[in-house]
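The structure appears right after this line, and notes come after that.
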Amino acid sequence: MTIDVEDWYHVCGEEERVSLLSPERRVRRNVELILDLLAEEGCTATFFMLGSVAEQEPELLPLIAGGGHEIASHGYSHRLIPELGATAFREELRRTSAIIGSQTQVVPAGFRAPRWSLSRETPWAFEILAEEGYRYDSSLNPLPFVGDRLGARLPFRRGASGGDLLELPPLVTPFSGFNLPTGGGWGLRFFPLPLICSTIEKLNRQGAPAVLYLHPRELDPFGPRLELAPLKSFVVYGPRTDVRQRLRHLLQRFRFGSMCQLVEQWQSA
């Protein structure tokens with residue numbers, strides 16, 4: 001179970017416009033809702049933390065870590081990795097890692113790129129992650145438009161000069177030659193719950209994990225939204241429904257843990 005800790009206005013490509021808005025911050029309230037739900041169901045998770053959010057909300061990371069959850073990196077600015085380039089990407093990794101370390105005394109072992117923006121076009125980014133000591137990445141989504149529709153659906157090792165990196169793709173459901181985004185975001189709320197559950201069960205029978213993800217704004221159905229083009233708005237926000245009850249069902253039906261626990265099991269196997 002993974003959570004991308006960003007606020008309702010963190011939309012790639014909208015950073016300059018948002019910076020002029022001085023938007024209301026709602027992330028802490030929504031993260032607290034997630035933490036309460038995880039505690040009720042006895043589940044640990046991985047929180048991919050945006051460095052700028054941790055900086056603005058310094059009490060948030062200790063709150064998450066205090067619940068026994070893993071803290072990983074989501075970068076600092078929420079900009080796409082190809083736009084950053086190698087130098088700025090490394091700087092953002094180090095900046096976010098320093099913030100996480102100062103607030104929790106934890107060194108992040110995992111990374112997830114904003115909008116799944118690592119790919120075969122950014123081989124340098126995987127090298128940098130390995131050089132900076134990261135053990136796993138969860139940025140390769142086997143979907144069209146935001147990833148590689150022919151990409152791997154199961155975890156795999158990625159060799160890098162700085163050391164091996166375990167890649168942990170999010171859950172998708174194969175359907176008629178392409179994959180459905182059932183593992184998180186709007187897809188987790190939109191597709192039938194039995195379809196999502198059957199996909200998880202099928203992966204588990206193969207001995208593979210199902211990596212789910214959500215954003216704090218998905219527990220805030222009546223919160224503010226940026227004015228976006230209709231298609232982009234649907235992709236970012238999806239149907240304005242609360243994921244809480246569906247999430248509770250999944251937490252009760254399946255056993256979830258953190259990504260770091262998964263890496264430990266994978267490496268000891």
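Ligands are numbered from 1 in the order shown, residues from 1 within each chain, and chains are lettered A, B, ... in the order they appear in the structure tokens.
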*Just the strand (DSSP E or B) stuff from region 29-124 of chain A, please, per backbone DSSP, written as a list of chain:residue names.*
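So the strand (DSSP E or B) residues in region 29-124 of chain A would be A:Thr46, A:Phe47, A:Phe48, A:Met49, A:Glu70, A:Ile71, A:Ala72, A:Ser73, A:Gly110, A:Phe111.
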_Considering only helix (DSSP H, G or I) as DSSP defines it on the backbone, what residues of region 107-230 of chain A qualify? List them as an MDAnalysis selection string._
chainID A and resid 114:116 123:131 185:190 193:205 216:219 230
*Do a neighbour search on Trp8 (chain A) at 10 Å with only C-alpha atoms, toss out local chain neighbours closer than 6 positions, and write the hits as a count of residues only.*
17
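In this model, the gap between CA of Glu55 (chain A) and CA of Ser258 (chain A) comes to 23.2 Å.
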Closest contacts (region 178-263 of chain A/region 144-155 of chain A, max 9 Å, only C-alpha atoms) as JSON lines:
```
{"residue": "A:Phe178", "atom": "CA", "partner": "A:Arg149", "partner_atom": "CA", "distance": 6.7}
{"residue": "A:Asn179", "atom": "CA", "partner": "A:Arg149", "partner_atom": "CA", "distance": 6.9}
{"residue": "A:Leu203", "atom": "CA", "partner": "A:Leu154", "partner_atom": "CA", "distance": 8.6}
{"residue": "A:Ala208", "atom": "CA", "partner": "A:Leu154", "partner_atom": "CA", "distance": 6.7}
{"residue": "A:Pro209", "atom": "CA", "partner": "A:Leu154", "partner_atom": "CA", "distance": 7.8}
{"residue": "A:Ala210", "atom": "CA", "partner": "A:Leu154", "partner_atom": "CA", "distance": 8.7}
```
Selected residues written out, C-alpha atoms, as a PDB file, in the first residue's frame:
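Written file, again-v7.pdb:
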```
ATOM      1  CA  PHE A 178      -3.807  -3.264 -23.033  1.00  0.00           C
ATOM      2  CA  ASN A 179      -3.733  -2.544 -19.310  1.00  0.00           C
ATOM      3  CA  LEU A 203      -0.923 -11.758  -8.884  1.00  0.00           C
ATOM      4  CA  ALA A 208       3.823 -11.488  -6.924  1.00  0.00           C
ATOM      5  CA  PRO A 209       2.740  -8.404  -4.987  1.00  0.00           C
ATOM      6  CA  ALA A 210      -0.014  -5.980  -5.949  1.00  0.00           C
TER       7      ALA A 210
END
```
*Measuring atom to atom with only C-alpha atoms, identify which of A:Phe89, A:Phe222, A:Tyr76, A:Tyr134 is nearest to Leu165 (chain A).*
A:Tyr134
*Leaving out Met1 (chain A) and any residue of its chain fewer than 3 positions from it, which residues lie within 10 Å of it when counting only C-alpha atoms, given as an MDAnalysis selection string?*
chainID A and resid 38 43:47 170 183:184 210:214 251 255:259
Quick one: write out the picked residues with C-alpha atoms as a PDB file, in the first residue's frame?
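Resulting contents of out_23.pdb:
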```pdb
ATOM      1  CA  LEU A  38      -4.562   2.293   8.346  1.00  0.00           C
ATOM      2  CA  CYS A  43      -1.907  -1.943   8.107  1.00  0.00           C
ATOM      3  CA  THR A  44       1.472  -0.373   7.408  1.00  0.00           C
ATOM      4  CA  ALA A  45       2.169   1.500   4.185  1.00  0.00           C
ATOM      5  CA  THR A  46       4.783   3.479   2.279  1.00  0.00           C
ATOM      6  CA  PHE A  47       4.338   7.233   2.036  1.00  0.00           C
ATOM      7  CA  PRO A 170       1.918  -0.452  -9.700  1.00  0.00           C
ATOM      8  CA  GLY A 183      -4.121   0.034  -9.016  1.00  0.00           C
ATOM      9  CA  GLY A 184      -4.708   3.627  -7.982  1.00  0.00           C
ATOM     10  CA  ALA A 210      -0.014  -5.980  -5.949  1.00  0.00           C
ATOM     11  CA  VAL A 211       1.199  -2.400  -5.475  1.00  0.00           C
ATOM     12  CA  LEU A 212      -1.696  -0.013  -4.871  1.00  0.00           C
ATOM     13  CA  TYR A 213      -1.424   3.766  -4.631  1.00  0.00           C
ATOM     14  CA  LEU A 214      -3.576   6.738  -3.714  1.00  0.00           C
ATOM     15  CA  LEU A 251      -7.435  -3.458   3.687  1.00  0.00           C
ATOM     16  CA  ARG A 255      -2.732  -8.209   3.812  1.00  0.00           C
ATOM     17  CA  PHE A 256      -0.736  -5.090   2.991  1.00  0.00           C
ATOM     18  CA  GLY A 257       2.669  -3.833   4.081  1.00  0.00           C
ATOM     19  CA  SER A 258       5.314  -1.323   3.111  1.00  0.00           C
ATOM     20  CA  MET A 259       7.479  -1.372   0.012  1.00  0.00           C
TER      21      MET A 259
END
```
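Distance check against Glu32 (chain A) using only C-alpha atoms: of A:Leu219, A:Asp242, A:Ile200, A:Val107, the minimum falls on A:Leu219.
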*Which residue gives the smallest distance to Ala65 (chain A) among A:Ser97, A:Ser117, A:Thr199, A:Gln103, with only C-alpha atoms counted?*
A:Gln103
_Residue contacts of Val106 (chain A) (12 Å, only C-alpha atoms) excluding same-chain residues fewer than 2 positions away, as a count of residues only_ = 22
Shell of 12 Å around Glu201 (chain A), only C-alpha atoms, local chain residues under 3 positions omitted, as a CSV table (one decimal) with N, CA and C atoms, in the first residue's frame:
```csv
chain,number,residue,atom,x,y,z
A,171,LEU,N,-0.1,-1.8,-9.7
A,171,LEU,CA,-1.0,-2.8,-10.2
A,171,LEU,C,-1.7,-2.2,-11.4
A,173,THR,N,-4.6,-4.0,-14.7
A,173,THR,CA,-5.3,-5.2,-15.1
A,173,THR,C,-5.3,-5.4,-16.6
A,194,PRO,N,-14.8,-5.9,-7.8
A,194,PRO,CA,-14.5,-7.4,-8.0
A,194,PRO,C,-13.3,-7.5,-9.0
A,195,LEU,N,-13.3,-6.6,-10.0
A,195,LEU,CA,-12.2,-6.7,-11.0
A,195,LEU,C,-10.8,-6.4,-10.3
A,196,ILE,N,-10.8,-5.4,-9.5
A,196,ILE,CA,-9.6,-5.1,-8.8
A,196,ILE,C,-9.1,-6.2,-7.9
A,197,CYS,N,-10.1,-6.8,-7.1
A,197,CYS,CA,-9.8,-7.9,-6.2
A,197,CYS,C,-9.3,-9.1,-7.0
A,198,SER,N,-9.9,-9.4,-8.1
A,198,SER,CA,-9.5,-10.6,-8.8
A,198,SER,C,-8.1,-10.4,-9.4
A,204,ASN,N,-1.2,-12.5,-6.6
A,204,ASN,CA,-0.7,-13.2,-5.4
A,204,ASN,C,-0.5,-14.7,-5.6
A,205,ARG,N,-1.4,-15.3,-6.4
A,205,ARG,CA,-1.3,-16.7,-6.7
A,205,ARG,C,0.0,-17.0,-7.5
A,206,GLN,N,0.5,-16.0,-8.2
A,206,GLN,CA,1.8,-16.1,-8.9
A,206,GLN,C,3.0,-15.8,-8.0
A,207,GLY,N,2.7,-15.5,-6.8
A,207,GLY,CA,3.8,-15.1,-5.8
A,207,GLY,C,4.2,-13.7,-6.0
A,208,ALA,N,3.4,-12.9,-6.7
A,208,ALA,CA,3.8,-11.5,-6.9
A,208,ALA,C,3.0,-10.5,-6.1
A,209,PRO,N,3.5,-9.4,-5.8
A,209,PRO,CA,2.7,-8.4,-5.0
A,209,PRO,C,1.8,-7.6,-5.9
A,210,ALA,N,0.8,-7.0,-5.3
A,210,ALA,CA,0.0,-6.0,-5.9
A,210,ALA,C,0.3,-4.6,-5.3
A,250,LEU,N,-10.5,-3.2,0.8
A,250,LEU,CA,-9.3,-3.9,0.4
A,250,LEU,C,-8.4,-4.2,1.6
A,253,ARG,N,-9.7,-7.2,3.3
A,253,ARG,CA,-9.7,-8.5,2.5
A,253,ARG,C,-8.3,-9.0,2.2
A,254,PHE,N,-7.3,-8.1,2.1
A,254,PHE,CA,-5.9,-8.5,1.8
A,254,PHE,C,-5.0,-8.0,2.9
A,255,ARG,N,-3.8,-8.6,2.9
A,255,ARG,CA,-2.7,-8.2,3.8
A,255,ARG,C,-1.8,-7.3,3.1
```
*Could you work out how far CA of Ile81 (chain A) lies from CA of Ser138 (chain A), giving the answer in Å with one decimal?*
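Pair CA of Ser138 (chain A) / CA of Ile81 (chain A) returns 13.6 Å.
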_For a test of reading the model, state the distance in Å between CA of Cys12 (chain A) and CA of Ser119 (chain A), rounded to one decimal._
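Interatomic distance here is 16.3 Å.
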*Could you check which of A:Pro114, A:Gly159, A:Pro230, A:Pro142 is closest to Gly13 (chain A), using only C-alpha atoms?*
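The answer is A:Pro114, which sits nearest to Gly13 (chain A).
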